[in-house]
Amino acid sequence: MGKLGKETKTLLIAVTAICLVSFLFAGGIATLLAKNFQQELLLHDYGVAGHLMNNENELSISAFTSLPNENDIECGREALASIGYDETVSMRFLPAVQSYRNQAMLFVFLLLVFLFGAIYLSLFLYFRRQHKAFNNAENTIRQFLDGNTTSRIECSQAGDWYSLFHDINEMAAILSAHAENERQTKEFLQDIISDVSHQMKTPLSALKMYHEIMESHKDDAATVSSFTEKSQREIKRMEDVIYTLLKLARLDAGIIQMEKAPENLSVLMQDVLERFETWAEREHKTITLSGKKDVVLSCDALWVSEAIGNIVKNALEHTENGGHIGVKWSQSPLMTQIEISDDGKGIHPEDLYNIFKRFYRSRFSSDVHGIGLGLPLAKSIVEAHGGTISVTSSLDAGTTFTLNFLNLTDE
């Protein structure tokens, strides 16, 4: 079973000591029983001898089977004492008593041997099972410490050390969850840093170049004005990237809690329309709204407005002059649906599975100003509300984004 622990050794020593004391005690009991047997034998012999002496002419079995009276015992004691047979006679001169003592001692010893043998066997089996269980647990814990976070101690039973194993498994599960959370957090931070670094590199390089040009043409007002305007455009681009990334990071990290409240979709869509009216008019494009005026959606109006605004903005960017963007909504007992459609160039089939990826830029797109974060942000906002977003598109025919929100709860 391997090396015994201090507590196990103490238990075995205690059981062994009890065993030895029990054997000594058994010898004393056997001697005491023999003494009692000797006294009974003497009384019996006194009675038989007295009865025979008091009834010399009569030999009867009653001398051996009946209880002797006091007269017979006293007479027998005096007669036998005269020949040295009394309480003082040694046990070794009484074979029957000596045989009785030996048999009693043997039976008691055998009983103790059986009992303590059963105890030692039970302890051996118990400790062997315990050692095996703890050895397996130690190996499993070692595997966990070596990096196998899925390792768990087998403990299908209850009680004894299995309660400890259950607690260890629970602790391992908690540690694994914390480790996974730390890993995801680390990856999340790495992704954010990578995204920021990637998107800041180009505008920062451009700003550095513009600054050098302006420094070298300080006296050329037209050049300074031109590159100042370009610098402002790059700064605005950097602001858009940083603010949008921060919003996405907060959504991904679960920091933002959506403050849901019943909102009238007609009013909400009108607010979105007002934000893009000037842009649409400048490019001779139209935005139309359609839907019942009493439709109410439980949502965070600020965030949902931003999600829909990002989709409308994307539609405006990919629709030719004179194009049309339509926003309509409907509601059933199960869900509320919002559709944003345009009659623009459409999305290439190769891009349909990638448009919600951050910073994705299609090789078929002529857009050089977009940063590729508007649609991913819209998707994160919709999903934070428990909704779904999907897209269908045909080249040169237009694109439709569909947002679905379940009406099962207001929370």
# chains A, B, ... in the order shown; residues from 1 in each chain; ligands from 1
call {"tool": "residues_around", "arguments": {"residues": "Pro68 of chain A", "least_positions_apart": "5", "cutoff": "9 Å", "atoms": "only C-alpha atoms", "output": "list of chain:residue names"}}
result
A:Leu43, A:His44, A:Tyr46, A:Gly47, A:Val48, A:Gly50, A:His51, A:Ala63, A:Ile73
call {"tool": "select_by_dssp", "arguments": {"residues": "segment 72-305 of chain A", "states": "strand (DSSP E or B)", "output": "ChimeraX atom specification"}}
result
/A:261-264,286-290,296-299
call {"tool": "closest_residue", "arguments": {"among": "A:Arg358, A:Leu297, A:Ala384, A:Ser290", "to": "Ser341 of chain A", "atoms": "only C-alpha atoms"}}
result
A:Ser290
call {"tool": "atom_distance", "arguments": {"atom1": "atom CA of Asn407 of chain A", "atom2": "atom CA of Leu373 of chain A"}}
result
28.0 Å
call {"tool": "closest_residue", "arguments": {"among": "A:Tyr126, A:Phe116, A:Phe227, A:Phe109", "to": "His211 of chain A", "atoms": "only C-alpha atoms"}}
result
A:Phe227
call {"tool": "closest_residue", "arguments": {"among": "A:Val21, A:Cys155, A:Leu121, A:Leu33", "to": "Asn136 of chain A", "atoms": "only C-alpha atoms"}}
result
A:Cys155
call {"tool": "atom_distance", "arguments": {"atom1": "atom CA of Lys313 of chain A", "atom2": "atom CA of Arg275 of chain A"}}
result
9.8 Å
call {"tool": "select_by_dssp", "arguments": {"residues": "segment 26-217 of chain A", "states": "helix (DSSP H, G or I)", "output": "ChimeraX atom specification"}}
result
/A:26-54,62-65,70-81,91-93,95-145,162-216
call {"tool": "atom_distance", "arguments": {"atom1": "atom CA of Asn169 of chain A", "atom2": "atom CA of Ser151 of chain A"}}
result
8.7 Å
call {"tool": "residues_around", "arguments": {"residues": "Ser266 of chain A", "least_positions_apart": "4", "cutoff": "10 Å", "atoms": "only C-alpha atoms", "output": "ChimeraX atom specification"}}
result
/A:270-271,289-296,328-329
call {"tool": "closest_residue", "arguments": {"among": "A:Asn135, A:Ser305, A:Asn264, A:Thr286", "to": "Ser330 of chain A", "atoms": "only C-alpha atoms"}}
result
A:Asn264
call {"tool": "decode", "arguments": {"residues": "segment 205-220 of chain A", "atoms": "all heavy atoms", "output": "short mmCIF file (atom, residue, chain, number, x, y, z; two decimals), in the first residue's frame"}}
result
data_model
loop_
_atom_site.label_atom_id
_atom_site.label_comp_id
_atom_site.auth_asym_id
_atom_site.auth_seq_id
_atom_site.Cartn_x
_atom_site.Cartn_y
_atom_site.Cartn_z
N SER A 205 0.60 57.69 -40.18
CA SER A 205 1.64 57.87 -41.21
C SER A 205 1.29 59.03 -42.12
O SER A 205 2.17 59.85 -42.49
CB SER A 205 1.80 56.59 -42.03
OG SER A 205 2.21 55.51 -41.21
N ALA A 206 0.00 59.12 -42.47
CA ALA A 206 -0.44 60.23 -43.34
C ALA A 206 -0.26 61.57 -42.64
O ALA A 206 0.22 62.55 -43.23
CB ALA A 206 -1.90 60.02 -43.74
N LEU A 207 -0.65 61.63 -41.34
CA LEU A 207 -0.49 62.87 -40.58
C LEU A 207 0.97 63.28 -40.48
O LEU A 207 1.31 64.48 -40.60
CB LEU A 207 -1.09 62.70 -39.17
CG LEU A 207 -2.61 62.75 -39.07
CD1 LEU A 207 -3.04 62.40 -37.65
CD2 LEU A 207 -3.13 64.14 -39.44
N LYS A 208 1.84 62.32 -40.27
CA LYS A 208 3.27 62.61 -40.19
C LYS A 208 3.77 63.18 -41.52
O LYS A 208 4.53 64.18 -41.56
CB LYS A 208 4.04 61.34 -39.84
CG LYS A 208 5.53 61.55 -39.68
CD LYS A 208 6.23 60.25 -39.31
CE LYS A 208 7.72 60.47 -39.18
NZ LYS A 208 8.44 59.19 -38.85
N MET A 209 3.33 62.58 -42.62
CA MET A 209 3.75 63.04 -43.94
C MET A 209 3.19 64.44 -44.22
O MET A 209 3.91 65.33 -44.72
CB MET A 209 3.27 62.06 -45.01
CG MET A 209 3.68 62.44 -46.42
SD MET A 209 3.05 61.28 -47.65
CE MET A 209 1.28 61.57 -47.50
N TYR A 210 1.90 64.68 -43.88
CA TYR A 210 1.30 65.98 -44.11
C TYR A 210 2.02 67.06 -43.30
O TYR A 210 2.23 68.18 -43.78
CB TYR A 210 -0.18 65.96 -43.72
CG TYR A 210 -1.04 65.02 -44.55
CD1 TYR A 210 -2.28 64.57 -44.08
CD2 TYR A 210 -0.62 64.59 -45.80
CE1 TYR A 210 -3.06 63.71 -44.83
CE2 TYR A 210 -1.39 63.73 -46.56
CZ TYR A 210 -2.61 63.29 -46.07
OH TYR A 210 -3.38 62.44 -46.83
N HIS A 211 2.38 66.72 -42.06
CA HIS A 211 3.08 67.68 -41.21
C HIS A 211 4.43 68.03 -41.82
O HIS A 211 4.83 69.22 -41.83
CB HIS A 211 3.26 67.08 -39.81
CG HIS A 211 4.01 67.99 -38.88
ND1 HIS A 211 3.46 69.13 -38.35
CD2 HIS A 211 5.30 67.92 -38.39
CE1 HIS A 211 4.35 69.75 -37.58
NE2 HIS A 211 5.48 69.02 -37.58
N GLU A 212 5.15 67.03 -42.32
CA GLU A 212 6.45 67.30 -42.94
C GLU A 212 6.30 68.18 -44.18
O GLU A 212 7.12 69.08 -44.43
CB GLU A 212 7.13 65.98 -43.30
CG GLU A 212 7.55 65.15 -42.09
CD GLU A 212 8.07 63.79 -42.47
OE1 GLU A 212 7.94 63.43 -43.67
OE2 GLU A 212 8.58 63.07 -41.58
N ILE A 213 5.25 67.93 -44.97
CA ILE A 213 5.02 68.75 -46.17
C ILE A 213 4.71 70.19 -45.77
O ILE A 213 5.24 71.15 -46.38
CB ILE A 213 3.87 68.15 -47.00
CG1 ILE A 213 4.30 66.79 -47.59
CG2 ILE A 213 3.45 69.11 -48.12
CD1 ILE A 213 3.19 66.06 -48.29
N MET A 214 3.86 70.36 -44.74
CA MET A 214 3.52 71.72 -44.32
C MET A 214 4.72 72.44 -43.74
O MET A 214 4.89 73.65 -43.91
CB MET A 214 2.37 71.67 -43.29
CG MET A 214 1.01 71.36 -43.93
SD MET A 214 -0.37 71.50 -42.76
CE MET A 214 -0.08 70.07 -41.72
N GLU A 215 5.59 71.68 -43.03
CA GLU A 215 6.80 72.29 -42.48
C GLU A 215 7.72 72.78 -43.60
O GLU A 215 8.38 73.82 -43.48
CB GLU A 215 7.54 71.28 -41.59
CG GLU A 215 6.95 71.10 -40.22
CD GLU A 215 7.19 72.32 -39.34
OE1 GLU A 215 8.28 72.93 -39.45
OE2 GLU A 215 6.25 72.68 -38.58
N SER A 216 7.76 72.00 -44.67
CA SER A 216 8.67 72.37 -45.77
C SER A 216 8.06 73.40 -46.72
O SER A 216 8.76 73.92 -47.60
CB SER A 216 9.08 71.11 -46.55
OG SER A 216 7.94 70.50 -47.14
N HIS A 217 6.76 73.70 -46.57
CA HIS A 217 6.10 74.69 -47.43
C HIS A 217 5.36 75.72 -46.57
O HIS A 217 4.18 76.03 -46.82
CB HIS A 217 5.12 74.00 -48.39
CG HIS A 217 5.76 73.08 -49.38
ND1 HIS A 217 6.17 71.81 -49.06
CD2 HIS A 217 6.07 73.28 -50.71
CE1 HIS A 217 6.69 71.23 -50.12
NE2 HIS A 217 6.65 72.12 -51.15
N LYS A 218 6.02 76.19 -45.55
CA LYS A 218 5.37 77.14 -44.65
C LYS A 218 4.89 78.40 -45.35
O LYS A 218 3.88 79.00 -44.96
CB LYS A 218 6.35 77.53 -43.53
CG LYS A 218 6.64 76.41 -42.55
CD LYS A 218 7.60 76.90 -41.46
CE LYS A 218 7.87 75.79 -40.45
NZ LYS A 218 8.80 76.24 -39.39
N ASP A 219 5.63 78.80 -46.35
CA ASP A 219 5.29 80.06 -47.04
C ASP A 219 4.26 79.88 -48.14
O ASP A 219 3.80 80.86 -48.73
CB ASP A 219 6.57 80.66 -47.63
CG ASP A 219 7.60 81.00 -46.56
OD1 ASP A 219 7.17 81.30 -45.43
OD2 ASP A 219 8.82 80.93 -46.84
N ASP A 220 3.90 78.62 -48.42
CA ASP A 220 2.92 78.34 -49.46
C ASP A 220 1.56 78.13 -48.79
O ASP A 220 1.23 77.04 -48.30
CB ASP A 220 3.33 77.10 -50.25
CG ASP A 220 2.46 76.87 -51.48
OD1 ASP A 220 1.37 77.47 -51.54
OD2 ASP A 220 2.86 76.07 -52.36
#
